[in-house]
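Source file input.txt; content: compact mmCIF, C-alpha atoms (C1' of nucleotides).
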# COMPACT_ATOMS: atom_id res chain seq x y z
CA MET A 1 9.84 -3.18 -8.69
CA THR A 2 13.59 -3.45 -8.51
CA ALA A 3 15.61 -6.60 -8.20
CA SER A 4 16.52 -5.84 -4.60
CA ASN A 5 12.92 -5.49 -3.44
CA PRO A 6 10.40 -8.25 -2.83
CA LEU A 7 7.28 -8.12 -4.93
CA PHE A 8 4.98 -5.18 -4.37
CA ALA A 9 2.23 -7.57 -3.29
CA ASP A 10 4.41 -9.47 -0.83
CA ARG A 11 5.50 -6.29 0.91
CA LEU A 12 1.89 -5.12 1.07
CA ILE A 13 0.67 -8.43 2.49
CA ALA A 14 3.37 -8.39 5.18
CA TRP A 15 2.54 -4.79 6.03
CA GLN A 16 -1.17 -5.53 6.25
CA GLU A 17 -0.57 -8.43 8.67
CA GLN A 18 1.32 -6.16 11.05
CA TYR A 19 -0.25 -2.72 10.61
CA GLY A 20 -3.52 -3.16 8.71
CA ARG A 21 -7.03 -3.39 10.08
CA HIS A 22 -8.24 -6.79 11.23
CA ASP A 23 -11.15 -5.97 13.51
CA LEU A 24 -13.66 -4.27 11.23
CA PRO A 25 -17.20 -5.61 11.69
CA TRP A 26 -17.37 -6.66 8.04
CA GLN A 27 -14.17 -8.69 8.13
CA VAL A 28 -16.24 -11.85 8.26
CA SER A 29 -17.10 -14.68 5.88
CA ASP A 30 -20.71 -13.61 5.32
CA PRO A 31 -21.05 -12.30 1.75
CA TYR A 32 -24.09 -10.26 2.77
CA ARG A 33 -22.11 -8.24 5.31
CA ILE A 34 -19.21 -7.85 2.91
CA TRP A 35 -21.53 -6.60 0.16
CA LEU A 36 -23.32 -4.23 2.53
CA SER A 37 -20.03 -2.80 3.81
CA GLU A 38 -18.64 -2.32 0.31
CA VAL A 39 -21.72 -0.40 -0.78
CA MET A 40 -21.67 1.73 2.36
CA LEU A 41 -17.96 2.38 1.87
CA GLN A 42 -18.44 3.53 -1.71
CA GLN A 43 -18.77 7.19 -0.77
CA THR A 44 -18.31 7.13 2.95
CA GLN A 45 -15.33 6.67 5.23
CA VAL A 46 -14.83 3.74 7.57
CA GLY A 47 -15.41 5.69 10.78
CA THR A 48 -18.75 6.98 9.58
CA VAL A 49 -19.87 3.65 8.19
CA ILE A 50 -19.31 1.49 11.30
CA PRO A 51 -22.34 2.60 13.38
CA TYR A 52 -24.63 2.55 10.33
CA PHE A 53 -23.36 -0.87 9.39
CA LEU A 54 -23.99 -2.30 12.87
CA ASN A 55 -27.46 -0.80 13.02
CA PHE A 56 -28.29 -2.02 9.52
CA ILE A 57 -27.18 -5.56 10.29
CA ALA A 58 -29.24 -5.56 13.47
CA ARG A 59 -32.35 -4.50 11.58
CA PHE A 60 -31.75 -6.58 8.46
CA PRO A 61 -29.54 -9.52 9.49
CA ASP A 62 -29.53 -11.26 6.10
CA VAL A 63 -30.48 -10.89 2.45
CA ALA A 64 -33.96 -12.29 3.01
CA ALA A 65 -34.69 -9.81 5.79
CA LEU A 66 -33.53 -6.94 3.61
CA ALA A 67 -35.46 -8.14 0.57
CA SER A 68 -38.72 -8.36 2.49
CA ALA A 69 -38.31 -5.01 4.25
CA SER A 70 -40.24 -1.98 3.12
CA PRO A 71 -38.40 0.69 1.12
CA ASP A 72 -39.15 3.16 3.89
CA ASP A 73 -37.50 0.99 6.53
CA VAL A 74 -34.42 0.54 4.37
CA LEU A 75 -34.15 4.26 3.69
CA ALA A 76 -34.65 4.98 7.39
CA ALA A 77 -31.69 2.77 8.26
CA TRP A 78 -29.65 4.57 5.61
CA SER A 79 -30.73 8.02 6.70
CA GLY A 80 -27.68 10.24 7.28
CA LEU A 81 -25.31 8.24 5.09
CA GLY A 82 -26.17 10.17 1.94
CA TYR A 83 -26.35 8.99 -1.67
CA TYR A 84 -29.71 7.36 -1.07
CA SER A 85 -29.78 5.67 -4.45
CA ARG A 86 -27.31 3.27 -2.84
CA ALA A 87 -30.03 2.18 -0.42
CA ARG A 88 -32.61 1.80 -3.17
CA ASN A 89 -30.16 -0.22 -5.28
CA LEU A 90 -29.27 -2.33 -2.25
CA HIS A 91 -32.92 -3.14 -1.66
CA ARG A 92 -33.50 -4.00 -5.31
CA ALA A 93 -30.38 -6.15 -5.39
CA ALA A 94 -31.54 -8.06 -2.29
CA GLN A 95 -34.80 -8.85 -4.02
CA MET A 96 -32.93 -9.94 -7.15
CA LEU A 97 -30.77 -12.24 -5.03
CA VAL A 98 -33.82 -13.81 -3.41
CA ASN A 99 -35.85 -14.12 -6.59
CA SER A 100 -33.17 -15.09 -9.10
CA HIS A 101 -30.29 -16.54 -7.10
CA GLY A 102 -32.05 -18.53 -4.39
CA GLY A 103 -30.98 -16.00 -1.80
CA HIS A 104 -27.30 -16.71 -2.43
CA PHE A 105 -24.59 -14.48 -3.85
CA PRO A 106 -23.01 -15.40 -7.17
CA GLN A 107 -19.24 -15.76 -6.77
CA ALA A 108 -17.82 -14.39 -9.99
CA PRO A 109 -17.20 -10.64 -10.35
CA GLU A 110 -18.90 -10.77 -13.77
CA ALA A 111 -22.08 -11.99 -12.06
CA LEU A 112 -21.84 -9.69 -9.07
CA ILE A 113 -21.54 -6.65 -11.31
CA GLU A 114 -25.06 -7.35 -12.58
CA LEU A 115 -26.44 -6.32 -9.19
CA PRO A 116 -27.60 -2.72 -9.10
CA GLY A 117 -25.17 -0.55 -7.16
CA VAL A 118 -22.27 -2.92 -7.79
CA GLY A 119 -19.68 -1.71 -10.28
CA ARG A 120 -16.40 -3.20 -11.37
CA SER A 121 -14.45 -2.33 -8.22
CA THR A 122 -17.17 -3.27 -5.76
CA ALA A 123 -17.80 -6.56 -7.57
CA ALA A 124 -14.11 -7.37 -7.29
CA ALA A 125 -14.01 -6.44 -3.60
CA ILE A 126 -16.95 -8.73 -2.79
CA ALA A 127 -15.50 -11.56 -4.86
CA VAL A 128 -12.13 -11.18 -3.13
CA PHE A 129 -13.30 -10.92 0.46
CA ALA A 130 -16.23 -13.33 0.28
CA PHE A 131 -14.91 -15.92 -2.14
CA GLY A 132 -11.15 -15.44 -2.44
CA ALA A 133 -11.36 -14.55 -6.12
CA ARG A 134 -8.22 -13.19 -7.77
CA ALA A 135 -9.65 -9.85 -8.87
CA ALA A 136 -8.42 -6.27 -8.79
CA ILE A 137 -10.18 -3.41 -7.06
CA LEU A 138 -9.65 0.21 -8.01
CA ASP A 139 -11.24 2.67 -5.63
CA GLY A 140 -10.04 6.18 -4.86
CA ASN A 141 -7.47 5.03 -2.32
CA VAL A 142 -6.02 2.42 -4.65
CA LYS A 143 -5.87 4.86 -7.55
CA ARG A 144 -3.82 7.20 -5.38
CA VAL A 145 -1.46 4.47 -4.17
CA LEU A 146 -0.84 3.10 -7.65
CA ALA A 147 -0.55 6.48 -9.36
CA ARG A 148 2.10 7.50 -6.86
CA TRP A 149 3.96 4.22 -6.73
CA ALA A 150 4.16 3.81 -10.51
CA GLY A 151 4.34 7.54 -11.27
CA ILE A 152 1.26 7.53 -13.48
CA GLU A 153 0.59 10.99 -14.83
CA GLY A 154 -2.79 12.52 -15.54
CA TRP A 155 -6.12 12.69 -13.77
CA PRO A 156 -7.40 9.20 -12.84
CA GLY A 157 -10.93 10.21 -13.83
CA GLU A 158 -9.72 10.37 -17.41
CA LYS A 159 -10.46 7.15 -19.28
CA ARG A 160 -6.94 6.64 -20.57
CA VAL A 161 -5.43 7.04 -17.11
CA GLU A 162 -8.05 4.85 -15.51
CA ASN A 163 -7.40 2.09 -18.04
CA THR A 164 -3.71 2.25 -17.24
CA LEU A 165 -4.47 2.00 -13.53
CA TRP A 166 -6.78 -0.99 -14.00
CA GLN A 167 -4.10 -2.72 -16.04
CA LEU A 168 -1.51 -2.03 -13.38
CA ALA A 169 -3.85 -3.17 -10.61
CA GLU A 170 -4.42 -6.47 -12.43
CA SER A 171 -0.72 -6.97 -13.06
CA LEU A 172 0.21 -6.52 -9.41
CA LEU A 173 -2.21 -9.14 -8.04
CA PRO A 174 -0.53 -11.88 -5.98
CA SER A 175 -1.11 -15.54 -6.75
CA SER A 176 -2.12 -16.14 -3.14
CA GLY A 177 -3.16 -14.08 -0.14
CA ILE A 178 -5.54 -11.99 -2.21
CA ALA A 179 -7.72 -10.87 0.69
CA GLY A 180 -4.82 -9.60 2.79
CA TYR A 181 -3.33 -7.95 -0.26
CA THR A 182 -6.58 -6.18 -1.16
CA GLN A 183 -7.20 -5.10 2.42
CA GLY A 184 -3.60 -3.89 2.58
CA LEU A 185 -4.04 -1.78 -0.51
CA MET A 186 -7.14 -0.17 1.01
CA ASP A 187 -5.53 0.33 4.42
CA LEU A 188 -2.34 1.75 2.94
CA GLY A 189 -4.35 4.27 0.97
CA SER A 190 -6.46 5.38 3.91
CA GLN A 191 -3.81 5.29 6.65
CA VAL A 192 -0.41 5.96 5.03
CA CYS A 193 -0.73 7.06 1.40
CA THR A 194 -3.21 9.79 2.24
CA ARG A 195 -4.15 12.51 -0.19
CA THR A 196 -2.38 15.25 1.74
CA ARG A 197 0.67 14.68 3.95
CA PRO A 198 1.25 11.00 3.25
CA CYS A 199 3.33 9.15 5.88
CA CYS A 200 5.92 7.83 3.46
CA GLY A 201 8.25 6.78 6.27
CA ALA A 202 5.73 4.12 7.25
CA CYS A 203 5.15 2.84 3.72
CA PRO A 204 6.18 -0.71 2.79
CA VAL A 205 6.73 0.20 -0.86
CA LYS A 206 8.54 3.52 -0.45
CA GLU A 207 11.84 2.13 -1.74
CA ASP A 208 10.56 1.95 -5.30
CA CYS A 209 7.74 4.48 -5.16
CA VAL A 210 8.17 6.95 -7.99
CA ALA A 211 6.38 9.75 -6.15
CA CYS A 212 8.32 9.27 -2.93
CA ILE A 213 11.71 9.03 -4.63
CA ALA A 214 11.04 12.14 -6.71
CA GLY A 215 9.28 14.02 -3.90
CA ARG A 216 6.21 14.31 -6.08
CA GLN A 217 3.60 13.09 -3.60
CA SER A 218 1.65 16.33 -3.88
CA GLN A 219 1.59 16.13 -7.69
CA LEU A 220 0.40 12.55 -8.00
CA PRO A 221 -2.26 11.68 -8.75
CA ALA A 222 -2.99 14.78 -10.81
CA PRO A 223 -6.09 16.63 -9.58
CA LYS A 224 -9.25 16.89 -11.59
CA PRO A 225 -8.83 19.67 -14.12
CA ARG A 226 -11.00 22.64 -13.30
CA LYS A 227 -13.16 23.90 -16.10
CA THR A 228 -13.75 27.28 -14.55
CA ILE A 229 -10.56 28.79 -13.23
CA PRO A 230 -10.88 30.16 -9.72
CA GLU A 231 -11.52 33.79 -8.98
CA ARG A 232 -9.33 35.55 -6.45
CA HIS A 233 -9.88 38.94 -5.00
CA VAL A 234 -7.44 41.44 -3.56
CA VAL A 235 -7.59 45.02 -2.42
CA LEU A 236 -4.63 47.08 -3.60
CA LEU A 237 -3.88 50.20 -1.60
CA LEU A 238 -3.17 53.47 -3.45
CA ILE A 239 -1.64 55.39 -0.57
CA ARG A 240 -0.44 58.95 -1.24
CA ASP A 241 1.49 61.23 1.05
CA ALA A 242 1.22 65.05 1.29
CA ARG A 243 3.74 65.43 -1.56
CA GLY A 244 1.68 63.23 -3.84
CA ARG A 245 4.07 60.28 -3.71
CA ILE A 246 2.76 56.72 -3.83
CA PHE A 247 3.62 53.99 -1.34
CA LEU A 248 5.00 50.76 -2.81
CA GLU A 249 6.11 47.48 -1.33
CA ARG A 250 8.40 44.86 -2.77
CA ARG A 251 6.60 41.53 -3.10
CA PRO A 252 8.00 38.28 -1.69
CA PRO A 253 10.47 36.56 -4.04
CA ALA A 254 8.19 33.58 -4.68
CA GLY A 255 4.62 33.51 -5.89
CA ILE A 256 2.62 35.90 -7.98
CA TRP A 257 4.62 38.96 -9.10
CA GLY A 258 7.61 37.63 -7.15
CA GLY A 259 10.20 40.30 -6.31
CA LEU A 260 8.39 43.07 -8.16
CA TRP A 261 7.45 46.39 -6.61
CA SER A 262 3.72 46.57 -6.15
CA LEU A 263 0.94 48.22 -4.21
CA PRO A 264 0.33 46.97 -0.69
CA GLU A 265 -2.24 44.22 -0.64
CA ALA A 266 -5.12 43.91 1.81
CA GLN A 267 -7.70 41.18 2.24
CA ASP A 268 -10.61 43.57 2.13
CA THR A 269 -11.39 47.25 2.34
CA LEU A 270 -12.34 47.10 6.01
CA SER A 271 -9.01 45.72 7.20
CA ALA A 272 -6.91 48.13 5.14
CA ALA A 273 -6.47 50.83 7.77
CA SER A 274 -5.52 48.47 10.56
CA LEU A 275 -3.12 46.67 8.23
CA CYS A 276 -1.34 49.95 7.40
CA ALA A 277 -1.06 50.92 11.06
CA CYS A 278 0.13 47.49 12.09
CA ARG A 279 2.50 46.63 9.25
CA TYR A 280 3.77 50.00 8.04
CA GLY A 281 3.20 52.20 11.11
CA VAL A 282 1.20 54.79 9.18
CA ASN A 283 -2.29 56.12 9.74
CA VAL A 284 -4.15 56.24 6.46
CA ASP A 285 -7.51 57.82 5.70
CA PHE A 286 -9.09 55.77 2.97
CA ASP A 287 -11.51 57.04 0.38
CA PRO A 288 -14.27 54.83 -1.04
CA PRO A 289 -12.91 52.07 -3.28
CA LEU A 290 -12.62 52.55 -7.05
CA PRO A 291 -14.38 50.14 -9.41
CA ASP A 292 -12.84 46.65 -9.62
CA VAL A 293 -10.21 45.88 -12.23
CA ARG A 294 -10.08 42.32 -13.57
CA HIS A 295 -6.89 40.59 -14.57
CA THR A 296 -6.62 37.01 -15.81
CA PHE A 297 -3.66 34.76 -15.07
CA THR A 298 -3.09 31.27 -16.40
CA HIS A 299 -4.62 29.66 -13.34
CA PHE A 300 -7.02 32.18 -11.92
CA HIS A 301 -8.88 35.42 -12.39
CA LEU A 302 -7.87 38.25 -10.13
CA ALA A 303 -10.38 40.91 -9.19
CA ILE A 304 -8.58 43.98 -7.92
CA THR A 305 -10.32 46.56 -5.80
CA PRO A 306 -8.25 49.74 -5.84
CA LEU A 307 -8.52 51.56 -2.54
CA PRO A 308 -7.19 55.14 -2.52
CA GLY A 309 -6.05 56.75 0.72
CA ALA A 310 -3.86 59.51 2.12
CA VAL A 311 -1.40 59.95 4.98
CA ASN A 312 -0.61 63.35 6.44
CA GLY A 313 2.94 64.77 6.35
CA ALA A 314 6.15 63.02 5.38
CA VAL A 315 6.62 59.45 6.50
CA VAL A 316 10.09 58.05 7.05
CA VAL A 317 10.47 54.54 5.70
CA THR A 318 13.14 52.36 7.27
CA ASP A 319 12.20 48.99 5.78
CA SER A 320 14.06 48.55 2.46
CA GLY A 321 11.13 46.52 1.17
CA THR A 322 8.89 49.59 1.14
CA GLY A 323 9.17 53.12 -0.15
CA TRP A 324 7.54 56.33 -1.37
CA PHE A 325 7.87 56.99 -5.07
CA ASP A 326 7.06 59.90 -7.35
CA LEU A 327 4.79 58.89 -10.18
CA VAL A 328 7.47 59.81 -12.74
CA ASP A 329 9.97 57.46 -11.08
CA ILE A 330 7.52 54.61 -11.14
CA GLU A 331 8.00 54.31 -14.92
CA THR A 332 11.49 52.93 -14.33
CA LEU A 333 10.48 50.40 -11.68
CA GLY A 334 9.61 46.79 -12.38
CA LEU A 335 5.88 46.80 -11.82
CA PRO A 336 3.24 44.19 -12.62
CA ALA A 337 1.28 45.28 -15.69
CA PRO A 338 -2.10 45.63 -13.96
CA VAL A 339 -0.53 47.70 -11.18
CA ARG A 340 1.19 49.94 -13.70
CA ARG A 341 -2.12 50.38 -15.50
CA LEU A 342 -3.82 51.15 -12.23
CA LEU A 343 -1.38 53.94 -11.43
CA LYS A 344 -2.05 55.75 -14.68
C1' DA B 1 -15.91 27.02 -0.57
C1' DA B 2 -14.10 23.38 -3.18
C1' DC B 3 -13.00 18.78 -3.65
C1' DG B 4 -13.35 13.61 -3.45
C1' DC B 5 -15.96 9.69 -3.44
C1' DG B 6 -18.25 4.62 -7.05
C1' DG B 7 -21.92 3.94 -9.73
C1' DG B 8 -25.88 5.13 -12.69
C1' DG B 9 -28.16 7.61 -16.22
C1' DC B 10 -28.06 10.77 -19.79
C1' DG B 11 -27.07 12.56 -24.58
C1' DC C 1 -17.62 7.77 -24.78
C1' DG C 2 -17.86 12.09 -21.89
C1' DC C 3 -20.62 14.54 -18.71
C1' DC C 4 -23.23 15.26 -14.70
C1' DC C 5 -25.35 13.98 -10.45
C1' DA C 6 -25.73 12.69 -5.58
C1' DG C 7 -24.86 14.26 0.05
C1' DC C 8 -21.74 14.03 3.27
C1' DG C 9 -17.00 14.63 5.28
C1' DT C 10 -12.56 16.69 4.76
C1' DT C 11 -9.37 20.24 3.71
Step by step, read the file and then write its structure as structure tokens.
Amino acid sequence: MTASNPLFADRLIAWQEQYGRHDLPWQVSDPYRIWLSEVMLQQTQVGTVIPYFLNFIARFPDVAALASASPDDVLAAWSGLGYYSRARNLHRAAQMLVNSHGGHFPQAPEALIELPGVGRSTAAAIAVFAFGARAAILDGNVKRVLARWAGIEGWPGEKRVENTLWQLAESLLPSSGIAGYTQGLMDLGSQVCTRTRPCCGACPVKEDCVACIAGRQSQLPAPKPRKTIPERHVVLLLIRDARGRIFLERRPPAGIWGGLWSLPEAQDTLSAASLCACRYGVNVDFDPPLPDVRHTFTHFHLAITPLPGAVNGAVVVTDSGTGWFDLVDIETLGLPAPVRRLLK
DNA sequence: AACGCGGGGCG
DNA sequence: CGCCCAGCGTT
């Protein structure tokens, strides 16, 4: 926050009143519906949840109805939503509520979290929407909003980062208007501060958003680190002419091997001939591919399939980005190491 | 084809 | 605590 901006929470509350969602079927006072919606929304988006929610409520209108239903009926109503342990936990929790809480929901997040299927964030959401508790939620949308706004580095799945986010989420809570604030945070994350292509122009907190100011929306929050680096595959074309020269192409200035001379690259062996005809205007007869060569970069493995081929007669090259080279001249060119190795 | 999603269960 | 899983939708 800067001195010239109203509080983060106040801007979010005002935004939610004007642009947020107010007509969702679980925006009611019934804790049962709020709980059900929060569990359904744990791994599933709003648009998918709505019909399941309406059907579920029609079949099991209250906690008692759910508690006394058969597991099969509950699972049937859940069928298609996925993560079926949610339905089993829901059923168990309904029975706990009937047997141990007189069929009523406890109000404190610390009590709600005891229900199976209710974690810290879901407990807070229920407590906020059903009972007006002053508690912080931290779901995927909120993590993204806060990580961007405050410029929090690191992957939010990492404990250290998550602790920081929880702390921030608590510190930003308003003293009043908690439900509108919490709904606003959710709505902002799902409608404006989206994972890809966020609509920062429509954001009520863009003025002091670290990611927006620095243009780092695509870098925050940091993605989950991959343990196995991805494997990429290219076909490199070893095209010779009648004089034994090799055909090279200068690579685009940005990206892998930027600006270096290299062998033409094809997606696969089958498209190589049409690519040569289309892009270079030469007809090439390709031989069977040579065995793959593997090369490891920092961020991915590259499997190279060398594909030898021949054109007949001399070919005049007009494009300055391509050319025919004698093998002896290639020594003096700037070539990527694996390509140089391949040519030997 | 890989990723993201909240919570639970495991070692 | 870190690690993995669940199932569907999105990218």
Q: Select, from A:Gly157, A:Gly117, A:Pro223, A:Gly82, the residue with the minimum atom-to-atom distance to DA6 of chain C, counting only C-alpha atoms (C1' of nucleotides).
A: A:Gly82
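Note that atom CA of Arg232 of chain A and atom CA of Val282 of chain A are 26.9 Å apart.
Atom pair atom CA of Ala272 of chain A / atom CA of Ala310 of chain A has a distance of 12.2 Å (rounded to one decimal).
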Q: Using all atoms listed in the file, select each residue of chain B with any atom at most 10 Å away from an atom of chain A, and give the selection as an NGL selection string.
A: :B and (2-8)
Print the selection's residues with C-alpha atoms (C1' of nucleotides) to a file, as an mmCIF file, keeping the file's coordinate frame.
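Final output, result_13.cif:
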data_model
loop_
_atom_site.group_PDB
_atom_site.id
_atom_site.type_symbol
_atom_site.label_atom_id
_atom_site.label_comp_id
_atom_site.auth_asym_id
_atom_site.auth_seq_id
_atom_site.Cartn_x
_atom_site.Cartn_y
_atom_site.Cartn_z
ATOM 1 C "C1'" DA B 2 -14.100 23.380 -3.180
ATOM 2 C "C1'" DC B 3 -13.000 18.780 -3.650
ATOM 3 C "C1'" DG B 4 -13.350 13.610 -3.450
ATOM 4 C "C1'" DC B 5 -15.960 9.690 -3.440
ATOM 5 C "C1'" DG B 6 -18.250 4.620 -7.050
ATOM 6 C "C1'" DG B 7 -21.920 3.940 -9.730
ATOM 7 C "C1'" DG B 8 -25.880 5.130 -12.690
#
**Q.** Expected answer as a PyMOL selection string: chain C residues within 10 Å of chain A, only C-alpha atoms (C1' of nucleotides)
**A.** chain C and resi 1-2+6-9+11
Generate the output file for the selected residues, C-alpha atoms (C1' of nucleotides), as a PDB file, in the coordinates of the input.
ATOM      1  C1'  DC C   1     -17.620   7.770 -24.780  1.00  0.00           C
ATOM      2  C1'  DG C   2     -17.860  12.090 -21.890  1.00  0.00           C
ATOM      3  C1'  DA C   6     -25.730  12.690  -5.580  1.00  0.00           C
ATOM      4  C1'  DG C   7     -24.860  14.260   0.050  1.00  0.00           C
ATOM      5  C1'  DC C   8     -21.740  14.030   3.270  1.00  0.00           C
ATOM      6  C1'  DG C   9     -17.000  14.630   5.280  1.00  0.00           C
ATOM      7  C1'  DT C  11      -9.370  20.240   3.710  1.00  0.00           C
TER       8       DT C  11
END
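Atom pair atom CA of Thr269 of chain A / atom CA of Val293 of chain A has a distance of 14.7 Å (rounded to one decimal).
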Q: With a distance cut-off of 12 Å and all atoms listed in the file, select the neighbouring residues of Phe247 of chain A, excluding the residue or stretch itself and same-chain residues fewer than 3 positions from it, and output the selection as a PyMOL selection string.
A: chain A and resi 236-244+250+261-265+276+280+282+284+308-311+314-317+321-327+330+343
Within 8 Å of Val128 of chain A, counting all atoms listed in the file, which residues show up once you throw out same-chain ones fewer than 5 positions away? Write them as a short mmCIF file (atom, residue, chain, number, x, y, z; two decimals) with C-alpha atoms, in the coordinates of the input, please.
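Saved file selection.cif follows:
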data_model
loop_
_atom_site.label_atom_id
_atom_site.label_comp_id
_atom_site.auth_asym_id
_atom_site.auth_seq_id
_atom_site.Cartn_x
_atom_site.Cartn_y
_atom_site.Cartn_z
CA ALA A 133 -11.36 -14.55 -6.12
CA ARG A 134 -8.22 -13.19 -7.77
CA ALA A 135 -9.65 -9.85 -8.87
CA ILE A 178 -5.54 -11.99 -2.21
CA ALA A 179 -7.72 -10.87 0.69
CA THR A 182 -6.58 -6.18 -1.16
#
Q: Do a neighbour search on segment 90-92 of chain A at 12 Å with all atoms listed in the file, toss out local chain neighbours closer than 5 positions, and write the hits as a ChimeraX atom specification.
A: /A:32-33,35-40,56,60,62-75,77-78,83-85,97-100,114-118
Axis-aligned box for segment 140-146 of chain A, 3 Å per side, centre and edges in Å as JSON:
{"center_x": -5.4, "center_y": 4.8, "center_z": -5.0, "size_x": 15.2, "size_y": 10.8, "size_z": 11.3}
Copy chain B out of the block into a file, keeping N, CA and C atoms (P, O5', C5', C4', C3', O3' and C1' of nucleotides), as a short mmCIF file (atom, residue, chain, number, x, y, z; two decimals), in the first residue's frame.
data_model
loop_
_atom_site.label_atom_id
_atom_site.label_comp_id
_atom_site.auth_asym_id
_atom_site.auth_seq_id
_atom_site.Cartn_x
_atom_site.Cartn_y
_atom_site.Cartn_z
P DA B 1 -0.31 -37.01 -25.69
"O5'" DA B 1 0.64 -36.16 -24.74
"C5'" DA B 1 1.81 -35.54 -25.11
"C4'" DA B 1 2.14 -34.59 -23.99
"C3'" DA B 1 2.28 -35.26 -22.63
"O3'" DA B 1 3.31 -34.59 -21.94
"C1'" DA B 1 0.55 -33.64 -22.55
P DA B 2 3.70 -35.00 -20.47
"O5'" DA B 2 3.91 -33.56 -19.80
"C5'" DA B 2 3.67 -32.39 -20.57
"C4'" DA B 2 3.31 -31.25 -19.65
"C3'" DA B 2 3.53 -31.49 -18.16
"O3'" DA B 2 4.00 -30.29 -17.58
"C1'" DA B 2 1.25 -31.04 -18.55
P DC B 3 4.24 -30.13 -16.06
"O5'" DC B 3 2.99 -29.24 -15.62
"C5'" DC B 3 2.78 -27.99 -16.26
"C4'" DC B 3 1.54 -27.36 -15.72
"C3'" DC B 3 1.50 -27.30 -14.19
"O3'" DC B 3 1.10 -26.01 -13.81
"C1'" DC B 3 -0.46 -28.34 -15.02
P DG B 4 1.34 -25.54 -12.32
"O5'" DG B 4 -0.16 -25.41 -11.82
"C5'" DG B 4 -1.08 -24.62 -12.57
"C4'" DG B 4 -2.43 -24.68 -11.91
"C3'" DG B 4 -2.36 -24.73 -10.38
"O3'" DG B 4 -3.38 -23.87 -9.87
"C1'" DG B 4 -3.52 -26.63 -11.19
P DC B 5 -3.36 -23.40 -8.42
"O5'" DC B 5 -4.60 -24.17 -7.78
"C5'" DC B 5 -5.89 -24.03 -8.35
"C4'" DC B 5 -6.73 -25.20 -7.89
"C3'" DC B 5 -6.60 -25.50 -6.39
"O3'" DC B 5 -7.81 -25.10 -5.76
"C1'" DC B 5 -6.60 -27.49 -7.73
P DG B 6 -7.68 -24.28 -4.48
"O5'" DG B 6 -7.79 -25.37 -3.33
"C5'" DG B 6 -8.65 -25.11 -2.27
"C4'" DG B 6 -8.78 -26.30 -1.38
"C3'" DG B 6 -7.95 -26.18 -0.10
"O3'" DG B 6 -8.84 -26.48 0.94
"C1'" DG B 6 -7.42 -28.21 -1.20
P DG B 7 -8.46 -26.74 2.35
"O5'" DG B 7 -8.30 -28.31 2.43
"C5'" DG B 7 -9.43 -29.12 2.13
"C4'" DG B 7 -9.06 -30.56 2.24
"C3'" DG B 7 -8.42 -30.95 3.57
"O3'" DG B 7 -9.16 -32.02 4.11
"C1'" DG B 7 -7.10 -31.73 1.75
P DG B 8 -8.80 -32.72 5.45
"O5'" DG B 8 -8.10 -34.06 4.97
"C5'" DG B 8 -8.81 -34.90 4.08
"C4'" DG B 8 -8.01 -36.16 3.80
"C3'" DG B 8 -7.41 -36.83 5.04
"O3'" DG B 8 -7.56 -38.22 4.88
"C1'" DG B 8 -5.69 -36.28 3.52
P DG B 9 -7.26 -39.21 6.05
"O5'" DG B 9 -5.94 -39.94 5.54
"C5'" DG B 9 -5.91 -40.50 4.23
"C4'" DG B 9 -4.52 -41.02 3.96
"C3'" DG B 9 -3.83 -41.63 5.19
"O3'" DG B 9 -3.10 -42.76 4.78
"C1'" DG B 9 -2.52 -39.90 4.34
P DC B 10 -2.57 -43.77 5.85
"O5'" DC B 10 -1.02 -43.85 5.46
"C5'" DC B 10 -0.65 -44.13 4.10
"C4'" DC B 10 0.72 -43.56 3.84
"C3'" DC B 10 1.76 -43.93 4.88
"O3'" DC B 10 2.51 -45.05 4.42
"C1'" DC B 10 1.93 -41.63 4.20
P DG B 11 3.44 -45.79 5.47
"O5'" DG B 11 4.81 -45.01 5.28
"C5'" DG B 11 5.42 -44.87 4.00
"C4'" DG B 11 6.63 -43.97 4.10
"C3'" DG B 11 7.64 -44.41 5.16
"O3'" DG B 11 8.96 -44.17 4.69
"C1'" DG B 11 6.89 -42.23 5.66
#
